[in-house]
Each structure stands twice: as structure tokens, then as C-alpha cells.
$ cat model_32.cif   # mmCIF, C-alpha atoms
data_upload
#
loop_
_atom_site.group_PDB
_atom_site.id
_atom_site.type_symbol
_atom_site.label_atom_id
_atom_site.label_comp_id
_atom_site.auth_asym_id
_atom_site.auth_seq_id
_atom_site.Cartn_x
_atom_site.Cartn_y
_atom_site.Cartn_z
ATOM 1 C CA MET A 1 -29.485 -21.508 -17.709
ATOM 2 C CA ALA A 2 -29.476 -21.485 -21.526
ATOM 3 C CA ALA A 3 -26.484 -23.853 -21.535
ATOM 4 C CA ALA A 4 -28.757 -26.629 -20.328
ATOM 5 C CA CYS A 5 -30.635 -26.439 -23.621
ATOM 6 C CA LEU A 6 -27.561 -26.730 -25.837
ATOM 7 C CA ASP A 7 -27.629 -29.718 -28.117
ATOM 8 C CA ALA A 8 -25.036 -32.239 -26.930
ATOM 9 C CA ARG A 9 -23.735 -32.431 -30.496
ATOM 10 C CA ILE A 10 -22.340 -28.870 -30.287
ATOM 11 C CA ARG A 11 -20.714 -29.232 -26.871
ATOM 12 C CA ASP A 12 -17.313 -30.575 -25.949
ATOM 13 C CA PRO A 13 -17.299 -33.293 -23.268
ATOM 14 C CA GLY A 14 -17.208 -31.758 -19.793
ATOM 15 C CA GLU A 15 -18.447 -28.298 -20.796
ATOM 16 C CA VAL A 16 -21.876 -28.710 -19.199
ATOM 17 C CA ASP A 17 -22.707 -31.108 -16.371
ATOM 18 C CA GLU A 18 -25.850 -33.179 -15.883
ATOM 19 C CA ASN A 19 -27.532 -30.230 -14.105
ATOM 20 C CA GLY A 20 -26.924 -27.859 -16.971
ATOM 21 C CA ARG A 21 -24.165 -25.930 -15.183
ATOM 22 C CA ILE A 22 -21.225 -24.695 -17.217
ATOM 23 C CA ARG A 23 -18.020 -26.377 -16.024
ATOM 24 C CA ALA A 24 -15.650 -25.494 -18.876
ATOM 25 C CA ILE A 25 -15.640 -23.432 -22.061
ATOM 26 C CA SER A 26 -13.977 -24.512 -25.272
ATOM 27 C CA VAL A 27 -12.624 -21.908 -27.684
ATOM 28 C CA VAL A 28 -13.481 -22.291 -31.363
ATOM 29 C CA PRO A 29 -11.437 -21.930 -33.433
ATOM 30 C CA LYS A 30 -8.374 -22.905 -31.409
ATOM 31 C CA PRO A 31 -6.080 -19.874 -30.794
ATOM 32 C CA TYR A 32 -3.288 -19.626 -33.363
ATOM 33 C CA GLN A 33 -0.874 -18.188 -30.789
ATOM 34 C CA LYS A 34 1.056 -20.751 -28.723
ATOM 35 C CA PRO A 35 0.918 -20.502 -25.845
ATOM 36 C CA HIS A 36 -2.525 -18.887 -26.022
ATOM 37 C CA PRO A 37 -2.853 -15.099 -25.489
ATOM 38 C CA PRO A 38 -2.855 -13.850 -21.868
ATOM 39 C CA LEU A 39 -6.118 -14.454 -20.032
ATOM 40 C CA PHE A 40 -7.607 -11.743 -17.810
ATOM 41 C CA GLN A 41 -10.082 -12.167 -14.949
ATOM 42 C CA ALA A 42 -12.264 -9.050 -14.790
ATOM 43 C CA PHE A 43 -13.558 -7.461 -11.596
ATOM 44 C CA SER A 44 -11.275 -9.398 -9.243
ATOM 45 C CA VAL A 45 -12.132 -8.702 -5.608
ATOM 46 C CA SER A 46 -11.760 -11.655 -3.228
ATOM 47 C CA GLU A 47 -8.532 -13.227 -2.031
ATOM 48 C CA SER A 48 -9.807 -16.618 -3.184
ATOM 49 C CA THR A 49 -10.081 -15.256 -6.722
ATOM 50 C CA ILE A 50 -6.565 -13.811 -6.549
ATOM 51 C CA ARG A 51 -5.213 -17.164 -5.374
ATOM 52 C CA TRP A 52 -7.006 -18.998 -8.182
ATOM 53 C CA THR A 53 -5.737 -16.622 -10.876
ATOM 54 C CA ALA A 54 -2.173 -16.914 -9.548
ATOM 55 C CA LYS A 55 -2.370 -20.706 -9.600
ATOM 56 C CA GLU A 56 -3.816 -20.789 -13.113
ATOM 57 C CA GLY A 57 -1.529 -18.124 -14.590
ATOM 58 C CA ILE A 58 -4.396 -15.702 -15.216
ATOM 59 C CA ILE A 59 -4.087 -11.911 -14.823
ATOM 60 C CA PRO A 60 -6.542 -10.513 -12.254
ATOM 61 C CA MET A 61 -7.946 -7.018 -12.843
ATOM 62 C CA ILE A 62 -8.353 -5.928 -9.241
ATOM 63 C CA LEU A 63 -11.405 -3.787 -8.570
ATOM 64 C CA ASN A 64 -11.120 -2.943 -4.890
ATOM 65 C CA GLY A 65 -8.596 -0.262 -4.093
ATOM 66 C CA GLY A 66 -7.831 0.194 -0.399
ATOM 67 C CA TRP A 67 -4.061 0.550 -0.214
ATOM 68 C CA ASP A 68 -3.655 -2.130 2.472
ATOM 69 C CA THR A 69 -5.903 -4.452 0.483
ATOM 70 C CA MET A 70 -4.023 -3.747 -2.742
ATOM 71 C CA ASN A 71 -0.697 -4.454 -1.065
ATOM 72 C CA HIS A 72 -2.022 -7.680 0.461
ATOM 73 C CA LEU A 73 -3.607 -9.031 -2.726
ATOM 74 C CA THR A 74 -0.547 -8.380 -4.889
ATOM 75 C CA ASN A 75 1.639 -10.084 -2.293
ATOM 76 C CA VAL A 76 -0.746 -13.055 -2.208
ATOM 77 C CA TYR A 77 -0.666 -13.309 -5.995
ATOM 78 C CA ARG A 78 3.119 -13.272 -6.064
ATOM 79 C CA SER A 79 3.365 -15.879 -3.294
ATOM 80 C CA VAL A 80 0.880 -18.312 -4.842
ATOM 81 C CA ALA A 81 2.453 -17.867 -8.272
ATOM 82 C CA ALA A 82 5.832 -18.828 -6.746
ATOM 83 C CA GLU A 83 4.275 -21.927 -5.191
ATOM 84 C CA ASN A 84 3.211 -22.895 -8.699
ATOM 85 C CA GLY A 85 6.562 -22.350 -10.381
ATOM 86 C CA ARG A 86 6.194 -18.727 -11.521
ATOM 87 C CA THR A 87 8.734 -16.264 -10.125
ATOM 88 C CA LEU A 88 7.297 -12.759 -10.432
ATOM 89 C CA ALA A 89 8.161 -9.272 -9.260
ATOM 90 C CA LYS A 90 5.563 -7.491 -7.125
ATOM 91 C CA GLY A 91 2.694 -6.440 -9.364
ATOM 92 C CA GLN A 92 3.873 -8.456 -12.350
ATOM 93 C CA SER A 93 0.986 -10.238 -14.099
ATOM 94 C CA VAL A 94 -1.481 -8.175 -12.032
ATOM 95 C CA GLY A 95 -3.834 -5.481 -13.292
ATOM 96 C CA VAL A 96 -6.228 -2.929 -11.862
ATOM 97 C CA LEU A 97 -9.444 -1.352 -13.089
ATOM 98 C CA ARG A 98 -9.999 2.306 -12.202
ATOM 99 C CA GLN A 99 -11.923 5.426 -13.209
ATOM 100 C CA PHE A 100 -10.588 8.981 -13.448
ATOM 101 C CA TYR A 101 -12.165 12.408 -13.283
ATOM 102 C CA PHE A 102 -10.092 15.572 -13.529
ATOM 103 C CA GLY A 103 -11.161 19.010 -12.315
ATOM 104 C CA SER A 104 -12.347 20.862 -9.228
ATOM 105 C CA GLU A 105 -14.275 19.067 -6.496
ATOM 106 C CA ASP A 106 -17.565 20.242 -7.958
ATOM 107 C CA GLU A 107 -16.522 19.326 -11.515
ATOM 108 C CA VAL A 108 -15.428 15.767 -10.752
ATOM 109 C CA GLN A 109 -18.623 15.088 -8.813
ATOM 110 C CA LYS A 110 -20.771 16.269 -11.712
ATOM 111 C CA LEU A 111 -18.745 14.317 -14.291
ATOM 112 C CA ALA A 112 -19.002 11.094 -12.295
ATOM 113 C CA GLU A 113 -22.732 11.397 -11.650
ATOM 114 C CA ALA A 114 -23.429 12.200 -15.314
ATOM 115 C CA GLY A 115 -21.136 9.363 -16.428
ATOM 116 C CA SER A 116 -20.706 5.722 -15.528
ATOM 117 C CA VAL A 117 -20.820 6.208 -11.739
ATOM 118 C CA GLY A 118 -24.353 7.549 -11.966
ATOM 119 C CA LEU A 119 -25.529 5.573 -14.978
ATOM 120 C CA LEU A 120 -23.790 2.187 -14.689
ATOM 121 C CA TRP A 121 -22.822 1.726 -11.073
ATOM 122 C CA LYS A 122 -25.860 3.171 -9.334
ATOM 123 C CA ARG A 123 -28.487 2.067 -11.834
ATOM 124 C CA PHE A 124 -27.133 -1.320 -12.890
ATOM 125 C CA TRP A 125 -23.993 -2.847 -11.341
ATOM 126 C CA GLY A 126 -25.039 -1.897 -7.829
ATOM 127 C CA GLU A 127 -28.009 -4.233 -8.186
ATOM 128 C CA PHE A 128 -25.558 -7.118 -8.653
ATOM 129 C CA GLY A 129 -23.611 -6.312 -5.487
ATOM 130 C CA PHE A 130 -20.613 -4.582 -7.066
ATOM 131 C CA PHE A 131 -20.507 -1.942 -4.322
ATOM 132 C CA GLU A 132 -19.505 -4.738 -1.942
ATOM 133 C CA ALA A 133 -15.956 -4.137 -3.214
ATOM 134 C CA PHE A 134 -15.963 -0.795 -1.414
ATOM 135 C CA LYS A 135 -16.620 -1.838 2.185
ATOM 136 C CA THR A 136 -14.579 -1.182 5.297
ATOM 137 C CA PRO A 137 -13.369 -4.172 7.360
ATOM 138 C CA GLU A 138 -16.037 -3.305 9.942
ATOM 139 C CA GLU A 139 -18.744 -3.403 7.278
ATOM 140 C CA GLU A 140 -17.408 -6.698 5.960
ATOM 141 C CA ALA A 141 -17.654 -8.196 9.430
ATOM 142 C CA ARG A 142 -21.400 -7.426 9.606
ATOM 143 C CA LYS A 143 -22.101 -9.799 6.692
ATOM 144 C CA THR A 144 -24.833 -7.545 5.315
ATOM 145 C CA LEU A 145 -25.094 -5.860 1.932
ATOM 146 C CA LEU A 146 -24.429 -2.159 1.636
ATOM 147 C CA PRO A 147 -27.724 -0.260 1.493
ATOM 148 C CA ARG A 148 -28.488 1.746 -1.626
ATOM 149 C CA SER A 149 -27.858 4.956 0.328
ATOM 150 C CA GLU A 150 -24.177 3.959 0.507
ATOM 151 C CA TRP A 151 -23.786 3.536 -3.264
ATOM 152 C CA THR A 152 -21.961 6.839 -3.592
ATOM 153 C CA PHE A 153 -19.227 8.554 -5.559
ATOM 154 C CA ASP A 154 -17.560 9.544 -2.277
ATOM 155 C CA ARG A 155 -17.352 5.906 -1.152
ATOM 156 C CA MET A 156 -15.821 4.826 -4.468
ATOM 157 C CA ARG A 157 -13.302 7.633 -4.181
ATOM 158 C CA GLN A 158 -12.437 6.894 -0.554
ATOM 159 C CA HIS A 159 -11.708 3.292 -1.518
ATOM 160 C CA ASN A 160 -9.370 4.454 -4.296
ATOM 161 C CA TYR A 161 -11.386 2.960 -7.133
ATOM 162 C CA VAL A 162 -12.324 6.384 -8.465
ATOM 163 C CA ILE A 163 -9.265 8.629 -8.670
ATOM 164 C CA ALA A 164 -10.376 12.221 -9.029
ATOM 165 C CA GLY A 165 -9.359 15.816 -8.486
ATOM 166 C CA ASN A 166 -6.618 18.124 -9.692
ATOM 167 C CA GLU A 167 -3.235 17.062 -11.026
ATOM 168 C CA GLY A 168 -1.629 16.911 -7.591
ATOM 169 C CA GLN A 169 -4.422 14.831 -6.098
ATOM 170 C CA VAL A 170 -4.389 12.333 -8.950
ATOM 171 C CA ARG A 171 -0.584 12.066 -8.899
ATOM 172 C CA ALA A 172 -0.647 11.367 -5.153
ATOM 173 C CA SER A 173 -3.151 8.534 -5.641
ATOM 174 C CA MET A 174 -1.205 7.102 -8.559
ATOM 175 C CA ASP A 175 1.981 7.145 -6.480
ATOM 176 C CA LYS A 176 0.156 5.193 -3.765
ATOM 177 C CA LEU A 177 -1.102 2.711 -6.347
ATOM 178 C CA VAL A 178 2.424 2.095 -7.587
ATOM 179 C CA GLU A 179 3.801 1.895 -4.043
ATOM 180 C CA ASN A 180 1.237 -0.633 -2.828
ATOM 181 C CA GLY A 181 0.553 -2.677 -5.946
ATOM 182 C CA ASN A 182 2.833 -1.698 -8.835
ATOM 183 C CA PRO A 183 0.408 -3.354 -11.290
ATOM 184 C CA GLU A 184 1.737 -4.343 -14.688
ATOM 185 C CA TYR A 185 -1.641 -3.775 -16.351
ATOM 186 C CA PHE A 186 -3.910 -0.779 -16.006
ATOM 187 C CA ALA A 187 -7.464 -0.381 -17.339
ATOM 188 C CA TRP A 188 -9.486 2.816 -17.254
ATOM 189 C CA LEU A 189 -13.253 2.329 -17.353
ATOM 190 C CA SER A 190 -14.121 5.156 -19.721
ATOM 191 C CA ASP A 191 -17.281 7.252 -19.809
ATOM 192 C CA GLN A 192 -17.425 7.154 -23.601
ATOM 193 C CA GLY A 193 -21.037 7.023 -24.718
ATOM 194 C CA MET A 194 -22.253 8.544 -21.445
ATOM 195 C CA LEU A 195 -20.440 11.879 -21.277
ATOM 196 C CA PRO A 196 -20.177 14.183 -24.311
ATOM 197 C CA LEU A 197 -17.339 13.028 -26.568
ATOM 198 C CA GLU A 198 -15.360 16.257 -26.183
ATOM 199 C CA GLN A 199 -15.407 15.916 -22.400
ATOM 200 C CA VAL A 200 -14.131 12.347 -22.698
ATOM 201 C CA LYS A 201 -11.349 13.533 -25.006
ATOM 202 C CA GLN A 202 -10.400 16.315 -22.583
ATOM 203 C CA GLN A 203 -10.117 13.838 -19.728
ATOM 204 C CA LEU A 204 -7.932 11.519 -21.837
ATOM 205 C CA ARG A 205 -5.678 14.388 -22.914
ATOM 206 C CA PHE A 206 -5.212 15.487 -19.314
ATOM 207 C CA PHE A 207 -4.287 11.973 -18.265
ATOM 208 C CA GLY A 208 -1.834 11.578 -21.129
ATOM 209 C CA ASP A 209 -0.230 15.011 -20.825
ATOM 210 C CA LYS A 210 -0.150 15.432 -17.054
ATOM 211 C CA ILE A 211 -0.248 11.981 -15.446
ATOM 212 C CA MET A 212 0.776 9.021 -17.597
ATOM 213 C CA LYS A 213 4.173 10.419 -18.559
ATOM 214 C CA HIS A 214 5.321 9.949 -14.951
ATOM 215 C CA TYR A 215 4.640 6.212 -14.994
ATOM 216 C CA SER A 216 5.496 5.029 -18.501
#
$ encode --input "model_32.cif" --output "C-alpha cells"
Amino acid sequence: MAAACLDARIRDPGEVDENGRIRAISVVPKPYQKPHPPLFQAFSVSESTIRWTAKEGIIPMILNGGWDTMNHLTNVYRSVAAENGRTLAKGQSVGVLRQFYFGSEDEVQKLAEAGSVGLLWKRFWGEFGFFEAFKTPEEEARKTLLPRSEWTFDRMRQHNYVIAGNEGQVRASMDKLVENGNPEYFAWLSDQGMLPLEQVKQQLRFFGDKIMKHYS
């Protein structure tokens, strides 16, 4: 790891251990805001991560999206936060990361494959095991990685990470998200730079005009 080569003069004590592993990260310059700005933990998946973020007062951006899983993880976060002196409503200080595609069944499939599902997930993130977030309990129990043949748009949609379809379909999924997680923070992984700009704008307009107004 490159950290092992850092001159000790430019490290803070405890940042890197004797094996060159990063153990802490100092922020330079020190944040002006006190207390410091909210900290977010991206791509949160495991219960152990959710417990750690709740204990440390960090906002997890939950990637996996099964409704039972979402309900469980937000309840775990709230419970552990309470154990550490933070009384929160369900979903408070919790976020989710999702992707949206609006249109007919054929249209949303084509948009996803031409965008980040096809370009980022299948060609890059999948190689780092990110599709493991979209496994069934039975698949989890096998303790084996999902084969490349299972890195699909349909799987991401079935696990409620990708929310796609017409207005009614998207609203139904959003209602389920609120019912089971009620997250305070919401991030949309955009296809900007992958899909034509006008298509990206159309998708954003649809979300703003037809969907977001029901949850603001």
C-alpha cells in the first residue's frame, strides 16, 4: 500500500501502523465547522457496518434494498444509536443509494444497459464483489460469489436497488422504501456522462415532476 511509503514527517501519530496499514486519517486543514460536518459511509451493506456507523454517529448510505433487509438494518441502526446515547426516529440519520429509470419495460432496460448498470456495475464494480449486495438469503448461505451470469439488471431491480418503470411502478417502490426504511437521506447514482445529457435531464425532470413531490 502506498501509505507504507509515506514519510513519517508528514503523518500524524497512529495514522499508519508498523505494517504500513492505514489505521486513522487526519483531516488537514481542521474543519472550521464545530462539530464537524456530517460523515457518510458509502455503500453500506453488512449489519456490522450499520452497527459501527450507529455507534460512531456516521450516516450509512445503504446499498442493498430488500424490504425486509431495509427494515431490519434501519431498526438495528436506531437501536445501536440509542445504546450510545442518540435517540432517533426510524430512518433518521440513515441514507440510501439508488438508481432510477423511467419508461416502458423495454425503455428502462435499454437505459440501464447503456448507462451505469452496463458500464459501471457489470464492467467494473462487479469485479470488486458489489453484486454480493443483491443476493437472496439462500445464496448468502452458500458462501460463494455470484457468478458473472447473475450480474443483471433484473437482479438489481428485484432487490429494489434499481427502481424502474412507469410512474405507478416507481411510486409503489418509493412507498415501500418509506414504509420499511423512511431514510432521511437519499442519493441517486446518476448516469450523467454515460447516457446522452438530454436523456439524463428527462429522467431528472420526471422524478422531480412526478415522484419527488409526494415525499418532500
$ atom_distance --input "model_32.cif" --atom1 "atom CA of A:Lys122" --atom2 "atom CA of A:Trp151"
6.4 Å
$ residues_near_point --input "model_32.cif" --point "(-6.7, -17.4, -3.9)" --cutoff "12 Å" --atoms "all atoms listed in the file" --output "PyMOL selection string"
chain A and resi 44-58+60+72-81+83
$ residues_around --input "model_32.cif" --residues "A:Gln92" --least-positions-apart "3" --cutoff "6 Å" --atoms "all atoms listed in the file" --output "list of chain:residue names"
A:Leu88, A:Ala89, A:Glu184
$ resolve_selection --input "model_32.cif" --expression "the PyMOL selection byres ((chain A and resi 192) around 12)" --output "number ranges by chain"
A: 99, 111, 114-116, 119, 188-191, 193-204
$ atom_distance --input "model_32.cif" --atom1 "atom CA of A:His36" --atom2 "atom CA of A:Ser93"
15.1 Å
$ residues_around --input "model_32.cif" --residues "stretch 124-127 of chain A" --least-positions-apart "5" --cutoff "12 Å" --atoms "all atoms listed in the file" --output "short mmCIF file (atom, residue, chain, number, x, y, z; two decimals) with C-alpha atoms, in the frame of the given file"
data_model
loop_
_atom_site.label_atom_id
_atom_site.label_comp_id
_atom_site.auth_asym_id
_atom_site.auth_seq_id
_atom_site.Cartn_x
_atom_site.Cartn_y
_atom_site.Cartn_z
CA PHE A 43 -13.56 -7.46 -11.60
CA SER A 116 -20.71 5.72 -15.53
CA VAL A 117 -20.82 6.21 -11.74
CA GLY A 118 -24.35 7.55 -11.97
CA LEU A 119 -25.53 5.57 -14.98
CA GLU A 132 -19.50 -4.74 -1.94
CA ALA A 133 -15.96 -4.14 -3.21
CA PHE A 134 -15.96 -0.80 -1.41
CA LEU A 145 -25.09 -5.86 1.93
CA LEU A 146 -24.43 -2.16 1.64
CA PRO A 147 -27.72 -0.26 1.49
CA ARG A 148 -28.49 1.75 -1.63
CA SER A 149 -27.86 4.96 0.33
CA GLU A 150 -24.18 3.96 0.51
CA TRP A 151 -23.79 3.54 -3.26
CA THR A 152 -21.96 6.84 -3.59
CA MET A 156 -15.82 4.83 -4.47
#
$ closest_residue --input "model_32.cif" --among "A:Gly95, A:Gly20, A:Gly129, A:Pro35" --to "A:Tyr185" --atoms "only C-alpha atoms"
A:Gly95
$ atom_distance --input "model_32.cif" --atom1 "atom CA of A:Ile163" --atom2 "atom CA of A:Ala141"
26.1 Å
$ decode --input "model_32.cif" --residues "stretch 29-159 of chain A" --atoms "C-alpha atoms" --output "tab-separated table (two decimals), in the first residue's frame"
chain	number	residue	atom	x	y	z
A	29	PRO	CA	-6.86	21.68	7.48
A	30	LYS	CA	-9.05	21.05	10.51
A	31	PRO	CA	-12.78	21.56	9.67
A	32	TYR	CA	-13.99	25.05	10.56
A	33	GLN	CA	-17.46	23.76	11.47
A	34	LYS	CA	-17.87	22.55	15.06
A	35	PRO	CA	-18.92	19.88	15.44
A	36	HIS	CA	-17.50	18.71	12.11
A	37	PRO	CA	-19.86	18.26	9.11
A	38	PRO	CA	-21.89	15.02	8.97
A	39	LEU	CA	-19.87	11.98	7.91
A	40	PHE	CA	-21.32	9.48	5.44
A	41	GLN	CA	-20.32	5.84	4.95
A	42	ALA	CA	-20.84	4.94	1.28
A	43	PHE	CA	-22.04	1.58	0.01
A	44	SER	CA	-23.20	0.28	3.40
A	45	VAL	CA	-24.29	-3.36	3.18
A	46	SER	CA	-23.49	-5.51	6.22
A	47	GLU	CA	-25.14	-5.36	9.62
A	48	SER	CA	-21.71	-4.98	11.22
A	49	THR	CA	-21.18	-1.81	9.20
A	50	ILE	CA	-24.59	-0.46	10.21
A	51	ARG	CA	-23.80	-1.13	13.87
A	52	TRP	CA	-20.43	0.61	13.58
A	53	THR	CA	-21.90	3.69	11.89
A	54	ALA	CA	-24.64	3.92	14.53
A	55	LYS	CA	-22.08	3.72	17.33
A	56	GLU	CA	-19.82	6.32	15.74
A	57	GLY	CA	-22.59	8.73	14.71
A	58	ILE	CA	-21.92	8.24	10.99
A	59	ILE	CA	-24.68	8.18	8.34
A	60	PRO	CA	-24.74	4.90	6.38
A	61	MET	CA	-25.79	5.03	2.72
A	62	ILE	CA	-27.43	1.63	2.46
A	63	LEU	CA	-26.90	-0.13	-0.86
A	64	ASN	CA	-28.89	-3.33	-0.50
A	65	GLY	CA	-32.62	-2.91	-0.89
A	66	GLY	CA	-34.70	-5.94	0.05
A	67	TRP	CA	-37.60	-4.55	2.06
A	68	ASP	CA	-37.10	-6.96	4.98
A	69	THR	CA	-33.39	-6.17	4.98
A	70	MET	CA	-34.04	-2.43	4.82
A	71	ASN	CA	-36.47	-2.63	7.72
A	72	HIS	CA	-34.03	-4.71	9.77
A	73	LEU	CA	-30.98	-2.52	9.15
A	74	THR	CA	-32.77	0.73	9.97
A	75	ASN	CA	-34.10	-0.82	13.18
A	76	VAL	CA	-30.59	-2.01	14.07
A	77	TYR	CA	-29.19	1.47	13.46
A	78	ARG	CA	-31.81	3.08	15.66
A	79	SER	CA	-31.27	0.53	18.45
A	80	VAL	CA	-27.48	0.82	18.50
A	81	ALA	CA	-27.68	4.60	18.31
A	82	ALA	CA	-29.93	4.55	21.40
A	83	GLU	CA	-27.42	2.35	23.22
A	84	ASN	CA	-24.87	5.07	22.54
A	85	GLY	CA	-26.96	8.00	23.73
A	86	ARG	CA	-28.61	9.06	20.46
A	87	THR	CA	-32.41	8.93	20.38
A	88	LEU	CA	-33.53	8.79	16.75
A	89	ALA	CA	-36.75	8.23	14.84
A	90	LYS	CA	-36.81	5.31	12.41
A	91	GLY	CA	-34.72	6.23	9.39
A	92	GLN	CA	-33.23	9.34	10.96
A	93	SER	CA	-29.50	9.67	10.23
A	94	VAL	CA	-29.81	6.87	7.64
A	95	GLY	CA	-29.46	7.19	3.88
A	96	VAL	CA	-29.91	5.02	0.81
A	97	LEU	CA	-28.26	4.90	-2.60
A	98	ARG	CA	-30.50	4.03	-5.55
A	99	GLN	CA	-30.80	4.31	-9.33
A	100	PHE	CA	-33.90	5.24	-11.33
A	101	TYR	CA	-35.03	4.60	-14.88
A	102	PHE	CA	-38.39	5.82	-16.14
A	103	GLY	CA	-40.25	4.43	-19.15
A	104	SER	CA	-41.66	1.22	-20.59
A	105	GLU	CA	-40.12	-2.14	-19.73
A	106	ASP	CA	-38.08	-2.10	-22.92
A	107	GLU	CA	-37.01	1.53	-22.40
A	108	VAL	CA	-35.77	1.12	-18.83
A	109	GLN	CA	-33.79	-1.99	-19.77
A	110	LYS	CA	-32.06	-0.17	-22.61
A	111	LEU	CA	-31.34	2.92	-20.49
A	112	ALA	CA	-29.80	0.85	-17.70
A	113	GLU	CA	-27.63	-1.25	-20.00
A	114	ALA	CA	-26.40	1.84	-21.87
A	115	GLY	CA	-25.81	3.66	-18.57
A	116	SER	CA	-24.10	2.85	-15.30
A	117	VAL	CA	-25.63	-0.63	-14.88
A	118	GLY	CA	-23.96	-1.80	-18.07
A	119	LEU	CA	-20.86	0.37	-17.93
A	120	LEU	CA	-20.01	0.66	-14.22
A	121	TRP	CA	-21.63	-2.26	-12.46
A	122	LYS	CA	-21.04	-5.02	-14.99
A	123	ARG	CA	-17.66	-3.86	-16.27
A	124	PHE	CA	-16.09	-2.50	-13.09
A	125	TRP	CA	-17.83	-2.70	-9.69
A	126	GLY	CA	-18.91	-6.29	-10.25
A	127	GLU	CA	-15.24	-7.28	-10.29
A	128	PHE	CA	-14.95	-5.99	-6.71
A	129	GLY	CA	-17.90	-8.04	-5.46
A	130	PHE	CA	-20.53	-5.30	-5.37
A	131	PHE	CA	-23.22	-7.64	-6.72
A	132	GLU	CA	-22.95	-9.53	-3.43
A	133	ALA	CA	-25.36	-6.89	-2.07
A	134	PHE	CA	-28.09	-8.38	-4.25
A	135	LYS	CA	-28.21	-11.98	-3.02
A	136	THR	CA	-31.10	-13.95	-1.60
A	137	PRO	CA	-30.75	-15.48	1.89
A	138	GLU	CA	-30.34	-18.88	0.22
A	139	GLU	CA	-27.49	-17.56	-1.92
A	140	GLU	CA	-25.87	-15.96	1.12
A	141	ALA	CA	-25.94	-19.30	2.92
A	142	ARG	CA	-23.89	-20.95	0.14
A	143	LYS	CA	-20.90	-18.69	0.89
A	144	THR	CA	-19.97	-18.45	-2.78
A	145	LEU	CA	-19.70	-15.39	-5.01
A	146	LEU	CA	-22.40	-14.68	-7.53
A	147	PRO	CA	-21.27	-15.81	-10.99
A	148	ARG	CA	-20.95	-13.18	-13.70
A	149	SER	CA	-24.09	-14.56	-15.36
A	150	GLU	CA	-26.07	-13.27	-12.36
A	151	TRP	CA	-24.78	-9.69	-12.66
A	152	THR	CA	-28.03	-8.49	-14.20
A	153	PHE	CA	-30.34	-5.50	-14.34
A	154	ASP	CA	-33.25	-7.77	-13.37
A	155	ARG	CA	-31.47	-8.88	-10.19
A	156	MET	CA	-30.71	-5.28	-9.20
A	157	ARG	CA	-34.33	-4.38	-9.80
A	158	GLN	CA	-35.71	-7.37	-7.89
A	159	HIS	CA	-33.60	-6.36	-4.90
